[in-house]
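Engineer: Structure file structure.txt, compact mmCIF, C-alpha atoms (C1' of nucleotides), is pasted below:
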# COMPACT_ATOMS: atom_id res chain seq x y z
CA MET A 1 195.36 113.05 134.62
CA LYS A 2 191.63 113.64 134.64
CA ASP A 3 191.26 111.56 131.50
CA GLN A 4 192.25 108.49 133.49
CA SER A 5 189.72 109.10 136.24
CA ALA A 6 186.62 106.95 135.92
CA GLY A 7 184.55 109.47 137.81
CA TYR A 8 185.59 112.37 135.65
CA LEU A 9 184.96 110.39 132.48
CA ALA A 10 181.57 109.22 133.74
CA ASN A 11 180.55 112.79 134.45
CA HIS A 12 181.77 114.07 131.10
CA MET A 13 180.11 111.25 129.23
CA ALA A 14 176.82 111.74 131.01
CA ARG A 15 176.90 115.44 130.14
CA LEU A 16 177.46 114.61 126.49
CA PHE A 17 174.55 112.18 126.50
CA ALA A 18 172.34 114.74 128.21
CA ARG A 19 173.24 117.46 125.72
CA GLY A 20 172.42 115.17 122.84
CA LEU A 21 169.14 113.93 124.22
CA THR A 22 168.09 117.42 125.26
CA ALA A 23 168.40 118.58 121.67
CA ARG A 24 166.53 115.59 120.29
CA ILE A 25 163.53 115.73 122.61
CA LYS A 26 163.19 119.49 122.79
CA PRO A 27 160.89 119.47 119.72
CA LEU A 28 158.63 117.11 121.66
CA GLY A 29 158.44 119.51 124.59
CA LEU A 30 160.31 117.08 126.81
CA THR A 31 163.38 117.46 129.00
CA THR A 32 165.85 114.85 130.17
CA GLY A 33 164.80 114.81 133.81
CA THR A 34 161.33 113.57 133.02
CA PHE A 35 162.52 110.79 130.76
CA PRO A 36 163.22 108.11 133.35
CA ALA A 37 159.85 108.66 135.02
CA LEU A 38 158.12 108.51 131.66
CA LEU A 39 159.85 105.24 130.82
CA GLU A 40 158.41 103.69 133.95
CA LEU A 41 154.97 105.19 133.49
CA TRP A 42 154.74 104.15 129.85
CA GLU A 43 155.29 100.61 131.11
CA LYS A 44 152.71 100.92 133.86
CA ASP A 45 150.59 103.82 135.04
CA GLY A 46 149.31 104.64 138.47
CA LEU A 47 152.59 104.12 140.31
CA THR A 48 153.15 105.92 143.59
CA GLN A 49 155.90 108.48 143.99
CA LYS A 50 157.68 106.07 146.30
CA GLU A 51 157.66 103.34 143.67
CA LEU A 52 159.22 105.70 141.13
CA VAL A 53 161.86 106.73 143.63
CA VAL A 54 162.89 103.15 144.28
CA ARG A 55 162.85 102.07 140.63
CA LEU A 56 164.88 105.03 139.43
CA ASP A 57 167.26 105.51 142.37
CA ILE A 58 166.35 109.17 142.66
CA GLU A 59 165.87 111.03 145.91
CA GLN A 60 162.29 111.57 146.99
CA ALA A 61 162.57 115.34 146.91
CA THR A 62 163.99 115.29 143.39
CA MET A 63 161.13 113.12 142.21
CA ALA A 64 158.55 115.36 143.86
CA ASN A 65 159.94 118.34 141.98
CA THR A 66 160.19 116.46 138.70
CA LEU A 67 156.58 115.31 139.02
CA ALA A 68 155.50 118.86 139.80
CA ARG A 69 157.07 120.05 136.56
CA MET A 70 155.52 117.18 134.65
CA GLU A 71 152.11 118.06 136.06
CA ARG A 72 152.62 121.71 135.18
CA ASP A 73 153.54 120.70 131.63
CA GLY A 74 150.50 118.50 131.17
CA LEU A 75 152.32 115.15 131.14
CA ILE A 76 150.79 113.64 134.27
CA PHE A 77 148.20 114.18 136.95
CA ARG A 78 148.24 112.98 140.52
CA LYS A 79 145.34 111.40 142.37
CA LYS A 80 145.15 110.39 146.01
CA ASP A 81 145.07 106.68 146.67
CA VAL A 82 141.67 105.56 147.93
CA GLY A 83 143.03 103.26 150.60
CA ASP A 84 145.85 105.44 151.92
CA GLY A 85 145.45 109.19 152.11
CA ARG A 86 149.20 109.82 152.07
CA VAL A 87 149.78 108.15 148.73
CA GLN A 88 149.66 110.08 145.47
CA ARG A 89 149.30 107.90 142.40
CA VAL A 90 150.72 109.19 139.15
CA TRP A 91 148.77 108.88 135.90
CA LEU A 92 149.81 109.80 132.37
CA THR A 93 147.81 112.22 130.29
CA ASP A 94 146.82 111.26 126.77
CA HIS A 95 149.38 113.71 125.52
CA ALA A 96 152.17 111.95 127.40
CA ARG A 97 151.02 108.63 126.02
CA ASP A 98 151.20 110.01 122.50
CA LEU A 99 154.82 111.01 123.03
CA ARG A 100 156.00 107.50 123.78
CA GLY A 101 156.87 106.53 120.22
CA PRO A 102 158.80 109.61 119.14
CA ALA A 103 160.50 109.96 122.51
CA ILE A 104 161.82 106.42 122.56
CA GLN A 105 162.83 106.87 118.97
CA ALA A 106 164.85 109.95 119.93
CA ALA A 107 166.53 108.16 122.81
CA ARG A 108 167.50 105.24 120.61
CA ALA A 109 168.92 107.61 118.02
CA GLU A 110 170.96 109.41 120.65
CA ASN A 111 172.31 106.16 122.07
CA ALA A 112 173.26 104.97 118.61
CA ALA A 113 175.00 108.23 117.79
CA ALA A 114 176.88 108.30 121.07
CA LEU A 115 178.12 104.74 120.65
CA SER A 116 178.90 105.06 116.97
CA GLY A 117 182.61 105.15 117.71
CA LEU A 118 182.49 101.63 119.15
CA SER A 119 182.25 98.29 117.38
CA GLU A 120 179.23 96.05 118.01
CA VAL A 121 181.23 93.98 120.46
CA GLU A 122 182.56 97.02 122.25
CA GLN A 123 179.08 98.43 122.55
CA SER A 124 177.73 95.42 124.38
CA GLN A 125 180.87 95.19 126.51
CA PHE A 126 180.38 98.80 127.43
CA ILE A 127 176.75 98.33 128.44
CA THR A 128 177.69 95.30 130.51
CA LEU A 129 180.49 97.14 132.28
CA MET A 130 178.26 100.07 133.18
CA GLN A 131 175.63 97.65 134.49
CA LYS A 132 178.29 95.98 136.63
CA VAL A 133 179.55 99.24 138.07
CA ILE A 134 176.02 100.28 138.94
CA ALA A 135 175.08 96.90 140.35
CA ALA A 136 178.11 96.92 142.65
CA ARG A 137 176.73 100.04 144.26
CA GLN A 138 173.17 98.90 144.67
CA PRO A 139 172.48 98.21 148.32
CA LYS A 140 172.05 94.45 148.30
CA ASP A 141 168.51 94.03 149.61
CA ALA A 142 168.46 91.42 152.35
CA THR A 143 172.22 91.41 152.85
CA VAL A 144 172.26 93.05 156.24
CA THR A 145 175.89 94.02 156.05
CA ALA A 146 175.66 96.43 158.93
CA MET B 147 164.36 98.50 129.07
CA LYS B 148 166.15 101.44 130.63
CA ASP B 149 168.91 99.12 131.83
CA GLN B 150 169.92 98.55 128.22
CA SER B 151 170.09 102.24 127.38
CA ALA B 152 173.63 103.60 127.34
CA GLY B 153 172.38 107.08 128.12
CA TYR B 154 170.35 106.02 131.09
CA LEU B 155 173.20 103.94 132.46
CA ALA B 156 175.68 106.77 131.94
CA ASN B 157 173.44 109.15 133.86
CA HIS B 158 172.86 106.71 136.69
CA MET B 159 176.54 105.87 136.95
CA ALA B 160 177.56 109.50 136.98
CA ARG B 161 175.09 110.17 139.79
CA LEU B 162 176.53 107.32 141.81
CA PHE B 163 180.06 108.63 141.30
CA ALA B 164 178.95 112.12 142.28
CA ARG B 165 177.23 110.91 145.44
CA GLY B 166 180.34 109.03 146.48
CA LEU B 167 182.76 111.83 145.79
CA THR B 168 180.49 114.39 147.43
CA ALA B 169 180.60 112.44 150.66
CA ARG B 170 184.36 111.98 150.53
CA ILE B 171 185.31 115.60 149.88
CA LYS B 172 182.70 117.23 152.08
CA PRO B 173 185.09 117.09 155.08
CA LEU B 174 187.53 119.11 152.97
CA GLY B 175 184.93 121.78 152.31
CA LEU B 176 184.88 120.92 148.60
CA THR B 177 182.04 120.09 146.23
CA THR B 178 182.09 118.09 143.02
CA GLY B 179 181.57 121.00 140.66
CA THR B 180 184.81 122.66 141.62
CA PHE B 181 186.86 119.51 141.24
CA PRO B 182 187.58 119.64 137.52
CA ALA B 183 188.65 123.27 137.71
CA LEU B 184 190.88 122.51 140.67
CA LEU B 185 192.53 119.64 138.80
CA GLU B 186 193.49 122.02 136.02
CA LEU B 187 194.61 124.78 138.35
CA TRP B 188 196.69 122.46 140.51
CA GLU B 189 198.55 121.61 137.32
CA LYS B 190 198.96 125.21 136.30
CA ASP B 191 197.73 128.45 137.83
CA GLY B 192 196.77 131.68 136.17
CA LEU B 193 194.60 130.19 133.46
CA THR B 194 191.89 132.30 131.91
CA GLN B 195 188.25 131.39 132.24
CA LYS B 196 188.20 130.64 128.53
CA GLU B 197 191.04 128.17 128.89
CA LEU B 198 189.22 126.34 131.65
CA VAL B 199 186.06 126.24 129.56
CA VAL B 200 187.88 124.66 126.64
CA ARG B 201 189.87 122.17 128.72
CA LEU B 202 186.85 120.97 130.70
CA ASP B 203 184.15 121.12 128.04
CA ILE B 204 181.89 123.17 130.27
CA GLU B 205 179.76 126.06 129.13
CA GLN B 206 181.18 129.50 129.78
CA ALA B 207 178.29 130.54 131.99
CA THR B 208 178.60 127.42 134.10
CA MET B 209 182.29 128.07 134.61
CA ALA B 210 181.65 131.69 135.55
CA ASN B 211 179.25 130.57 138.25
CA THR B 212 181.54 127.82 139.51
CA LEU B 213 184.44 130.27 139.76
CA ALA B 214 182.22 132.71 141.62
CA ARG B 215 181.47 130.04 144.21
CA MET B 216 185.14 129.10 144.43
CA GLU B 217 186.05 132.71 145.01
CA ARG B 218 183.35 133.06 147.65
CA ASP B 219 184.70 129.93 149.36
CA GLY B 220 188.28 131.14 149.37
CA LEU B 221 189.68 128.69 146.84
CA ILE B 222 190.66 131.15 144.14
CA PHE B 223 190.94 134.81 143.32
CA ARG B 224 190.65 136.48 139.95
CA LYS B 225 192.92 139.18 138.60
CA LYS B 226 192.61 141.13 135.37
CA ASP B 227 195.14 140.31 132.70
CA VAL B 228 197.60 143.17 132.20
CA GLY B 229 197.60 142.95 128.43
CA ASP B 230 193.89 142.43 127.84
CA GLY B 231 191.32 144.12 129.99
CA ARG B 232 188.63 141.57 129.21
CA VAL B 233 190.57 138.59 130.54
CA GLN B 234 190.30 137.41 134.14
CA ARG B 235 193.12 135.11 135.21
CA VAL B 236 192.39 132.58 137.93
CA TRP B 237 194.82 131.99 140.77
CA LEU B 238 194.68 129.46 143.58
CA THR B 239 194.78 130.51 147.20
CA ASP B 240 197.23 128.82 149.55
CA HIS B 241 194.30 127.03 151.10
CA ALA B 242 193.30 125.50 147.76
CA ARG B 243 196.89 124.43 147.20
CA ASP B 244 196.91 122.66 150.55
CA LEU B 245 193.83 120.67 149.58
CA ARG B 246 195.46 119.06 146.58
CA GLY B 247 196.80 115.99 148.36
CA PRO B 248 193.74 114.98 150.34
CA ALA B 249 191.37 115.84 147.51
CA ILE B 250 193.15 113.70 144.96
CA GLN B 251 193.40 110.98 147.53
CA ALA B 252 189.62 111.13 147.99
CA ALA B 253 188.99 110.99 144.27
CA ARG B 254 191.28 107.99 143.83
CA ALA B 255 189.52 106.22 146.68
CA GLU B 256 186.14 106.88 145.16
CA ASN B 257 187.25 105.64 141.75
CA ALA B 258 188.68 102.49 143.29
CA ALA B 259 185.51 101.84 145.26
CA ALA B 260 183.28 102.43 142.28
CA LEU B 261 185.27 100.06 140.08
CA SER B 262 185.78 97.42 142.74
CA GLY B 263 183.24 95.17 141.03
CA LEU B 264 185.43 94.93 137.93
CA SER B 265 188.59 92.96 137.32
CA GLU B 266 191.82 94.77 136.50
CA VAL B 267 191.36 94.05 132.83
CA GLU B 268 187.75 95.16 132.86
CA GLN B 269 188.71 98.38 134.61
CA SER B 270 191.13 99.43 131.91
CA GLN B 271 188.73 98.31 129.19
CA PHE B 272 186.07 100.42 130.82
CA ILE B 273 188.25 103.51 130.96
CA THR B 274 189.26 103.04 127.35
CA LEU B 275 185.66 102.66 126.21
CA MET B 276 184.55 105.81 128.01
CA GLN B 277 187.47 107.69 126.46
CA LYS B 278 186.40 106.45 123.04
CA VAL B 279 182.79 107.48 123.50
CA ILE B 280 183.86 110.93 124.61
CA ALA B 281 186.45 111.30 121.88
CA ALA B 282 183.89 110.44 119.21
CA ARG B 283 181.90 113.47 120.32
CA GLN B 284 184.72 115.93 120.52
CA PRO B 285 184.53 118.36 117.62
CA LYS B 286 187.61 117.43 115.66
CA ASP B 287 189.60 120.68 115.71
CA ALA B 288 190.72 121.54 112.19
CA THR B 289 188.34 119.13 110.50
CA VAL B 290 186.07 121.70 108.98
CA THR B 291 183.22 119.28 108.44
CA ALA B 292 180.67 121.99 107.83
C1' DT C 293 189.23 157.91 113.20
C1' DA C 294 184.52 156.43 113.75
C1' DT C 295 181.97 152.30 113.27
C1' DC C 296 181.18 147.45 113.33
C1' DA C 297 182.25 142.83 114.61
C1' DT C 298 184.39 139.76 117.84
C1' DT C 299 185.81 138.12 122.16
C1' DG C 300 185.71 137.35 127.31
C1' DC C 301 183.01 137.47 131.06
C1' DA C 302 178.75 138.24 133.96
C1' DT C 303 173.87 137.82 134.88
C1' DA C 304 169.10 136.04 134.56
C1' DG C 305 166.43 132.27 134.62
C1' DC C 306 165.49 127.43 134.29
C1' DA C 307 166.19 122.07 134.93
C1' DA C 308 167.71 118.44 137.69
C1' DG C 309 170.18 116.75 141.37
C1' DC C 310 170.99 116.78 146.55
C1' DT C 311 170.15 117.28 152.06
C1' DA C 312 167.29 118.77 155.76
C1' DT C 313 162.95 119.83 157.48
C1' DT C 314 157.99 119.77 157.96
C1' DC C 315 153.43 117.92 157.79
C1' DA C 316 149.65 114.81 157.36
C1' DA C 317 148.09 110.13 157.44
C1' DG C 318 148.61 105.35 159.16
C1' DT C 319 150.08 101.84 162.53
C1' DG C 320 150.99 99.83 167.08
C1' DG C 321 151.10 99.33 171.89
C1' DT C 322 149.34 100.15 176.30
C1' DA D 323 141.19 105.99 173.21
C1' DC D 324 145.81 107.97 173.37
C1' DC D 325 150.53 108.56 172.49
C1' DA D 326 154.56 107.48 169.93
C1' DC D 327 156.55 105.93 165.82
C1' DT D 328 156.66 105.34 160.88
C1' DT D 329 155.75 106.49 156.22
C1' DG D 330 154.62 109.29 151.92
C1' DA D 331 154.92 113.57 150.14
C1' DA D 332 155.95 118.60 149.94
C1' DT D 333 158.97 122.56 150.69
C1' DA D 334 163.22 125.30 151.46
C1' DG D 335 167.64 126.04 150.04
C1' DC D 336 171.76 124.68 147.90
C1' DT D 337 174.98 123.00 143.69
C1' DT D 338 175.75 122.10 138.99
C1' DG D 339 174.43 122.13 134.49
C1' DC D 340 172.23 124.64 130.51
C1' DT D 341 170.56 128.71 127.06
C1' DA D 342 169.96 133.46 126.19
C1' DT D 343 171.29 138.05 126.87
C1' DG D 344 173.98 142.01 128.05
C1' DC D 345 178.23 144.59 128.35
C1' DA D 346 182.86 146.17 128.13
C1' DA D 347 187.25 145.70 125.89
C1' DT D 348 189.59 144.66 121.74
C1' DG D 349 190.32 144.29 116.77
C1' DA D 350 189.36 145.33 112.02
C1' DT D 351 187.89 148.26 108.36
C1' DA D 352 185.79 151.79 105.58
Once more with this new file: its structure as structure tokens, please.
Structural biologist:
Amino acid sequence: MKDQSAGYLANHMARLFARGLTARIKPLGLTTGTFPALLELWEKDGLTQKELVVRLDIEQATMANTLARMERDGLIFRKKDVGDGRVQRVWLTDHARDLRGPAIQAARAENAAALSGLSEVEQSQFITLMQKVIAARQPKDATVTA
Amino acid sequence: MKDQSAGYLANHMARLFARGLTARIKPLGLTTGTFPALLELWEKDGLTQKELVVRLDIEQATMANTLARMERDGLIFRKKDVGDGRVQRVWLTDHARDLRGPAIQAARAENAAALSGLSEVEQSQFITLMQKVIAARQPKDATVTA
DNA sequence: TATCATTGCATAGCAAGCTATTCAAGTGGT
DNA sequence: ACCACTTGAATAGCTTGCTATGCAATGATA
């Protein structure tokens, strides 16, 4: 029944991933919710909240709360944009920068462990299929379907 | 980067599924969290909380809260087991029973929509791969690995 | 039988997701 | 210059997940 439902399986799988990653990054003082934002910020600092929202497909309110926790925990600080008083730019603290290596290491380890039941070929098939499912849902930019 | 990470993709995909299902079952007065429990209870009533916890791989505390909401919303009621005073058995209300058809219909529709970017073959591959990933994490019952 | 351990459930408190609402800052049109 | 609209962010309030703790009922044992 439920084990044939893609949605149920997706939810269950995501929970298993989250449990695993939570355990691995807890020693670093990190939680799963901050991880996507950190990935973006490690690539490039000084993004606006809006930019993070778009890149990560997270609601604005969720991101605002996540950033508030990250600020509280000394991972980031926010500074008003000089040109536009509405914009808050997000900058990493040195501490957050230091966590990049071990955090990415932990994520890789979790991914490897989670996929250890699949062959090499299956693993890349799996990634590709998830990418396809996600891509099919992304609102095609200029395709004014309405 | 993140689009190659199985964990990130799993999380993103699960959020997309949840968004879709949320919208579809809102008219029924249902939310996503109750869905797994309902699936079990539609199959067979009078389960204990413990049984639901095991079947759905959800923490006990989470299930207790979910059942509390379901009771509040008139989907279930709980009655003490006659033989064991600790056990609460969960029973569906008539209203919850009536929702079975349309709810399952909504879930099927969401699954179909979400997988519409995949071919038939890819869809069953995808299901199989998710099942494998999940199965690899299930604590093999009698395999006392410790 | 009195005590101790286990088992089933509830509660507290937090993270991470969401919608809806509010507010301040910019932008455009007249 | 003024008013209306838009845009970026914050806040309130909810669900759904988690860990940690407490508590009552049961089971086991000295």
Engineer: Can you provide chain A as a JSON list (two decimals) with C-alpha atoms, in the coordinates of the input, superposed onto chain B by least squares across all C-alpha atoms matched in order?
Structural biologist:
[["chain", "number", "residue", "atom", "x", "y", "z"],
["A", 1, "MET", "CA", 164.36, 98.49, 129.05],
["A", 2, "LYS", "CA", 166.15, 101.43, 130.59],
["A", 3, "ASP", "CA", 168.91, 99.15, 131.81],
["A", 4, "GLN", "CA", 169.93, 98.57, 128.20],
["A", 5, "SER", "CA", 170.11, 102.25, 127.35],
["A", 6, "ALA", "CA", 173.64, 103.61, 127.33],
["A", 7, "GLY", "CA", 172.42, 107.09, 128.10],
["A", 8, "TYR", "CA", 170.36, 106.03, 131.06],
["A", 9, "LEU", "CA", 173.22, 103.95, 132.44],
["A", 10, "ALA", "CA", 175.70, 106.79, 131.92],
["A", 11, "ASN", "CA", 173.45, 109.15, 133.84],
["A", 12, "HIS", "CA", 172.87, 106.71, 136.67],
["A", 13, "MET", "CA", 176.54, 105.87, 136.93],
["A", 14, "ALA", "CA", 177.57, 109.50, 136.97],
["A", 15, "ARG", "CA", 175.08, 110.17, 139.78],
["A", 16, "LEU", "CA", 176.54, 107.32, 141.80],
["A", 17, "PHE", "CA", 180.06, 108.64, 141.30],
["A", 18, "ALA", "CA", 178.94, 112.14, 142.27],
["A", 19, "ARG", "CA", 177.22, 110.92, 145.42],
["A", 20, "GLY", "CA", 180.32, 109.04, 146.47],
["A", 21, "LEU", "CA", 182.74, 111.85, 145.78],
["A", 22, "THR", "CA", 180.47, 114.41, 147.42],
["A", 23, "ALA", "CA", 180.59, 112.44, 150.65],
["A", 24, "ARG", "CA", 184.35, 111.99, 150.51],
["A", 25, "ILE", "CA", 185.29, 115.61, 149.86],
["A", 26, "LYS", "CA", 182.68, 117.23, 152.06],
["A", 27, "PRO", "CA", 185.06, 117.09, 155.06],
["A", 28, "LEU", "CA", 187.51, 119.11, 152.97],
["A", 29, "GLY", "CA", 184.92, 121.78, 152.29],
["A", 30, "LEU", "CA", 184.87, 120.91, 148.60],
["A", 31, "THR", "CA", 182.04, 120.08, 146.21],
["A", 32, "THR", "CA", 182.11, 118.09, 143.00],
["A", 33, "GLY", "CA", 181.59, 121.00, 140.63],
["A", 34, "THR", "CA", 184.82, 122.66, 141.61],
["A", 35, "PHE", "CA", 186.88, 119.52, 141.25],
["A", 36, "PRO", "CA", 187.60, 119.63, 137.53],
["A", 37, "ALA", "CA", 188.66, 123.28, 137.72],
["A", 38, "LEU", "CA", 190.89, 122.51, 140.68],
["A", 39, "LEU", "CA", 192.53, 119.64, 138.80],
["A", 40, "GLU", "CA", 193.52, 122.03, 136.04],
["A", 41, "LEU", "CA", 194.62, 124.78, 138.39],
["A", 42, "TRP", "CA", 196.70, 122.45, 140.54],
["A", 43, "GLU", "CA", 198.56, 121.60, 137.34],
["A", 44, "LYS", "CA", 198.98, 125.23, 136.33],
["A", 45, "ASP", "CA", 197.74, 128.45, 137.86],
["A", 46, "GLY", "CA", 196.79, 131.69, 136.23],
["A", 47, "LEU", "CA", 194.62, 130.20, 133.50],
["A", 48, "THR", "CA", 191.91, 132.34, 131.95],
["A", 49, "GLN", "CA", 188.25, 131.42, 132.27],
["A", 50, "LYS", "CA", 188.21, 130.67, 128.57],
["A", 51, "GLU", "CA", 191.08, 128.21, 128.90],
["A", 52, "LEU", "CA", 189.24, 126.36, 131.66],
["A", 53, "VAL", "CA", 186.10, 126.25, 129.57],
["A", 54, "VAL", "CA", 187.90, 124.68, 126.64],
["A", 55, "ARG", "CA", 189.89, 122.18, 128.71],
["A", 56, "LEU", "CA", 186.90, 120.98, 130.68],
["A", 57, "ASP", "CA", 184.17, 121.14, 128.02],
["A", 58, "ILE", "CA", 181.94, 123.20, 130.26],
["A", 59, "GLU", "CA", 179.81, 126.10, 129.12],
["A", 60, "GLN", "CA", 181.20, 129.55, 129.80],
["A", 61, "ALA", "CA", 178.29, 130.56, 132.00],
["A", 62, "THR", "CA", 178.62, 127.42, 134.10],
["A", 63, "MET", "CA", 182.30, 128.09, 134.63],
["A", 64, "ALA", "CA", 181.66, 131.71, 135.57],
["A", 65, "ASN", "CA", 179.25, 130.58, 138.26],
["A", 66, "THR", "CA", 181.55, 127.82, 139.50],
["A", 67, "LEU", "CA", 184.44, 130.27, 139.76],
["A", 68, "ALA", "CA", 182.23, 132.72, 141.63],
["A", 69, "ARG", "CA", 181.47, 130.05, 144.21],
["A", 70, "MET", "CA", 185.12, 129.09, 144.43],
["A", 71, "GLU", "CA", 186.05, 132.72, 145.02],
["A", 72, "ARG", "CA", 183.35, 133.05, 147.66],
["A", 73, "ASP", "CA", 184.69, 129.94, 149.39],
["A", 74, "GLY", "CA", 188.27, 131.16, 149.42],
["A", 75, "LEU", "CA", 189.65, 128.68, 146.87],
["A", 76, "ILE", "CA", 190.66, 131.15, 144.16],
["A", 77, "PHE", "CA", 190.95, 134.81, 143.35],
["A", 78, "ARG", "CA", 190.65, 136.49, 139.99],
["A", 79, "LYS", "CA", 192.94, 139.18, 138.63],
["A", 80, "LYS", "CA", 192.62, 141.13, 135.41],
["A", 81, "ASP", "CA", 195.18, 140.34, 132.76],
["A", 82, "VAL", "CA", 197.62, 143.20, 132.27],
["A", 83, "GLY", "CA", 197.63, 143.01, 128.50],
["A", 84, "ASP", "CA", 193.92, 142.46, 127.89],
["A", 85, "GLY", "CA", 191.35, 144.12, 130.10],
["A", 86, "ARG", "CA", 188.66, 141.56, 129.28],
["A", 87, "VAL", "CA", 190.62, 138.60, 130.57],
["A", 88, "GLN", "CA", 190.33, 137.41, 134.16],
["A", 89, "ARG", "CA", 193.14, 135.12, 135.25],
["A", 90, "VAL", "CA", 192.39, 132.59, 137.95],
["A", 91, "TRP", "CA", 194.84, 131.99, 140.81],
["A", 92, "LEU", "CA", 194.68, 129.45, 143.62],
["A", 93, "THR", "CA", 194.77, 130.50, 147.23],
["A", 94, "ASP", "CA", 197.21, 128.82, 149.59],
["A", 95, "HIS", "CA", 194.28, 127.03, 151.13],
["A", 96, "ALA", "CA", 193.30, 125.50, 147.79],
["A", 97, "ARG", "CA", 196.87, 124.42, 147.22],
["A", 98, "ASP", "CA", 196.89, 122.66, 150.58],
["A", 99, "LEU", "CA", 193.82, 120.66, 149.60],
["A", 100, "ARG", "CA", 195.45, 119.06, 146.59],
["A", 101, "GLY", "CA", 196.79, 115.99, 148.36],
["A", 102, "PRO", "CA", 193.73, 114.97, 150.35],
["A", 103, "ALA", "CA", 191.37, 115.84, 147.51],
["A", 104, "ILE", "CA", 193.16, 113.71, 144.96],
["A", 105, "GLN", "CA", 193.39, 111.00, 147.55],
["A", 106, "ALA", "CA", 189.61, 111.12, 148.00],
["A", 107, "ALA", "CA", 188.99, 110.99, 144.27],
["A", 108, "ARG", "CA", 191.27, 108.00, 143.85],
["A", 109, "ALA", "CA", 189.52, 106.22, 146.70],
["A", 110, "GLU", "CA", 186.13, 106.88, 145.16],
["A", 111, "ASN", "CA", 187.25, 105.64, 141.75],
["A", 112, "ALA", "CA", 188.67, 102.50, 143.29],
["A", 113, "ALA", "CA", 185.50, 101.84, 145.26],
["A", 114, "ALA", "CA", 183.27, 102.42, 142.27],
["A", 115, "LEU", "CA", 185.28, 100.07, 140.07],
["A", 116, "SER", "CA", 185.77, 97.43, 142.72],
["A", 117, "GLY", "CA", 183.25, 95.18, 141.02],
["A", 118, "LEU", "CA", 185.44, 94.93, 137.92],
["A", 119, "SER", "CA", 188.60, 92.94, 137.33],
["A", 120, "GLU", "CA", 191.85, 94.77, 136.53],
["A", 121, "VAL", "CA", 191.38, 94.06, 132.85],
["A", 122, "GLU", "CA", 187.77, 95.17, 132.88],
["A", 123, "GLN", "CA", 188.72, 98.37, 134.63],
["A", 124, "SER", "CA", 191.14, 99.43, 131.94],
["A", 125, "GLN", "CA", 188.75, 98.31, 129.21],
["A", 126, "PHE", "CA", 186.09, 100.43, 130.82],
["A", 127, "ILE", "CA", 188.28, 103.53, 130.98],
["A", 128, "THR", "CA", 189.27, 103.05, 127.35],
["A", 129, "LEU", "CA", 185.68, 102.66, 126.22],
["A", 130, "MET", "CA", 184.57, 105.81, 128.01],
["A", 131, "GLN", "CA", 187.49, 107.70, 126.47],
["A", 132, "LYS", "CA", 186.44, 106.46, 123.04],
["A", 133, "VAL", "CA", 182.83, 107.48, 123.49],
["A", 134, "ILE", "CA", 183.89, 110.93, 124.61],
["A", 135, "ALA", "CA", 186.48, 111.32, 121.88],
["A", 136, "ALA", "CA", 183.91, 110.46, 119.21],
["A", 137, "ARG", "CA", 181.92, 113.48, 120.31],
["A", 138, "GLN", "CA", 184.75, 115.94, 120.49],
["A", 139, "PRO", "CA", 184.49, 118.38, 117.62],
["A", 140, "LYS", "CA", 187.51, 117.42, 115.55],
["A", 141, "ASP", "CA", 189.51, 120.65, 115.49],
["A", 142, "ALA", "CA", 190.57, 121.43, 111.94],
["A", 143, "THR", "CA", 188.17, 118.96, 110.34],
["A", 144, "VAL", "CA", 185.85, 121.49, 108.79],
["A", 145, "THR", "CA", 183.03, 119.04, 108.32],
["A", 146, "ALA", "CA", 180.46, 121.73, 107.69]]
Engineer: Considering all atoms listed in the file, tabulate each residue of chain D that lies at most 8 Å from chain A along with its nearest interatomic pair and the corresponding distance in Å to one decimal; arrange the rows by chain and ascending residue number and present them as a tab-separated table.
Structural biologist:
residue	atom	partner	partner_atom	distance
D:DG330	C1'	A:Arg86	CA	5.4
D:DA331	C1'	A:Arg86	CA	7.1
D:DA332	C1'	A:Ala64	CA	7.4
Engineer: Just the selected residues (C-alpha atoms (C1' of nucleotides)), exported as a compact mmCIF listing (two decimals), in the frame of the given file, please.
Structural biologist:
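Here's the written file result.txt:
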# COMPACT_ATOMS: atom_id res chain seq x y z
C1' DG D 330 154.62 109.29 151.92
C1' DA D 331 154.92 113.57 150.14
C1' DA D 332 155.95 118.60 149.94
Engineer: Which distance in Å separates atom CA of B:Tyr154 and atom CA of A:Val133, to one decimal?
Structural biologist: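 If I compute the distance from atom CA of B:Tyr154 to atom CA of A:Val133, I get 13.4 Å.
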Engineer: Kindly provide, as a PyMOL selection string, the residues of chain A having any atom no farther than 10 Å from an atom of chain B, counting all atoms listed in the file.
Structural biologist: chain A and resi 1-18+20-21+32+35-36+39-40+43+56-58+107-108+110-118+122-138
Engineer: Can you tell me how far atom CA of B:Thr208 sits from atom C1' of C:DA307, in Å to one decimal?
Structural biologist: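 Those two atoms sit 13.5 Å apart.
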Engineer: List as a list in words the protein and nucleic acid residues near stretch 91-96 of chain A, meaning an atom at most 6 Å away when all atoms listed in the file are counted, but skip any in the same chain fewer than 6 places from it.
Structural biologist: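 Non-adjacent residues within range: Asp45, Gly46, Leu75, Ile76 and Phe77 of chain A.
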Engineer: Show me, as a list in words, the residues of chain C whose atoms get within 10 Å of chain A, using all atoms listed in the file for the distance check.
Structural biologist: DA307, DA308, DG309, DC310, DT311, DA316, DA317 and DG318 of chain C
Engineer: Suppose you want the space between atom C1' of C:DC315 and atom C1' of D:DC327; what is it in Å?
Structural biologist: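 For atom C1' of C:DC315 relative to atom C1' of D:DC327, the distance reads 14.8 Å.
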Engineer: Excluding D:DC325 and any residue of its chain fewer than 5 positions from it, enumerate the residues within 12 Å of it, using only C-alpha atoms (C1' of nucleotides), and give them as a list in words.
Structural biologist: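 Here the answer would be DG320, DG321 and DT322 of chain C.
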Engineer: Okay, now the selection with C-alpha atoms (C1' of nucleotides), as a PDB file, in the coordinates of the input?
Structural biologist:
ATOM      1  C1'  DG C 320     150.990  99.830 167.080  1.00  0.00           C
ATOM      2  C1'  DG C 321     151.100  99.330 171.890  1.00  0.00           C
ATOM      3  C1'  DT C 322     149.340 100.150 176.300  1.00  0.00           C
TER       4       DT C 322
END
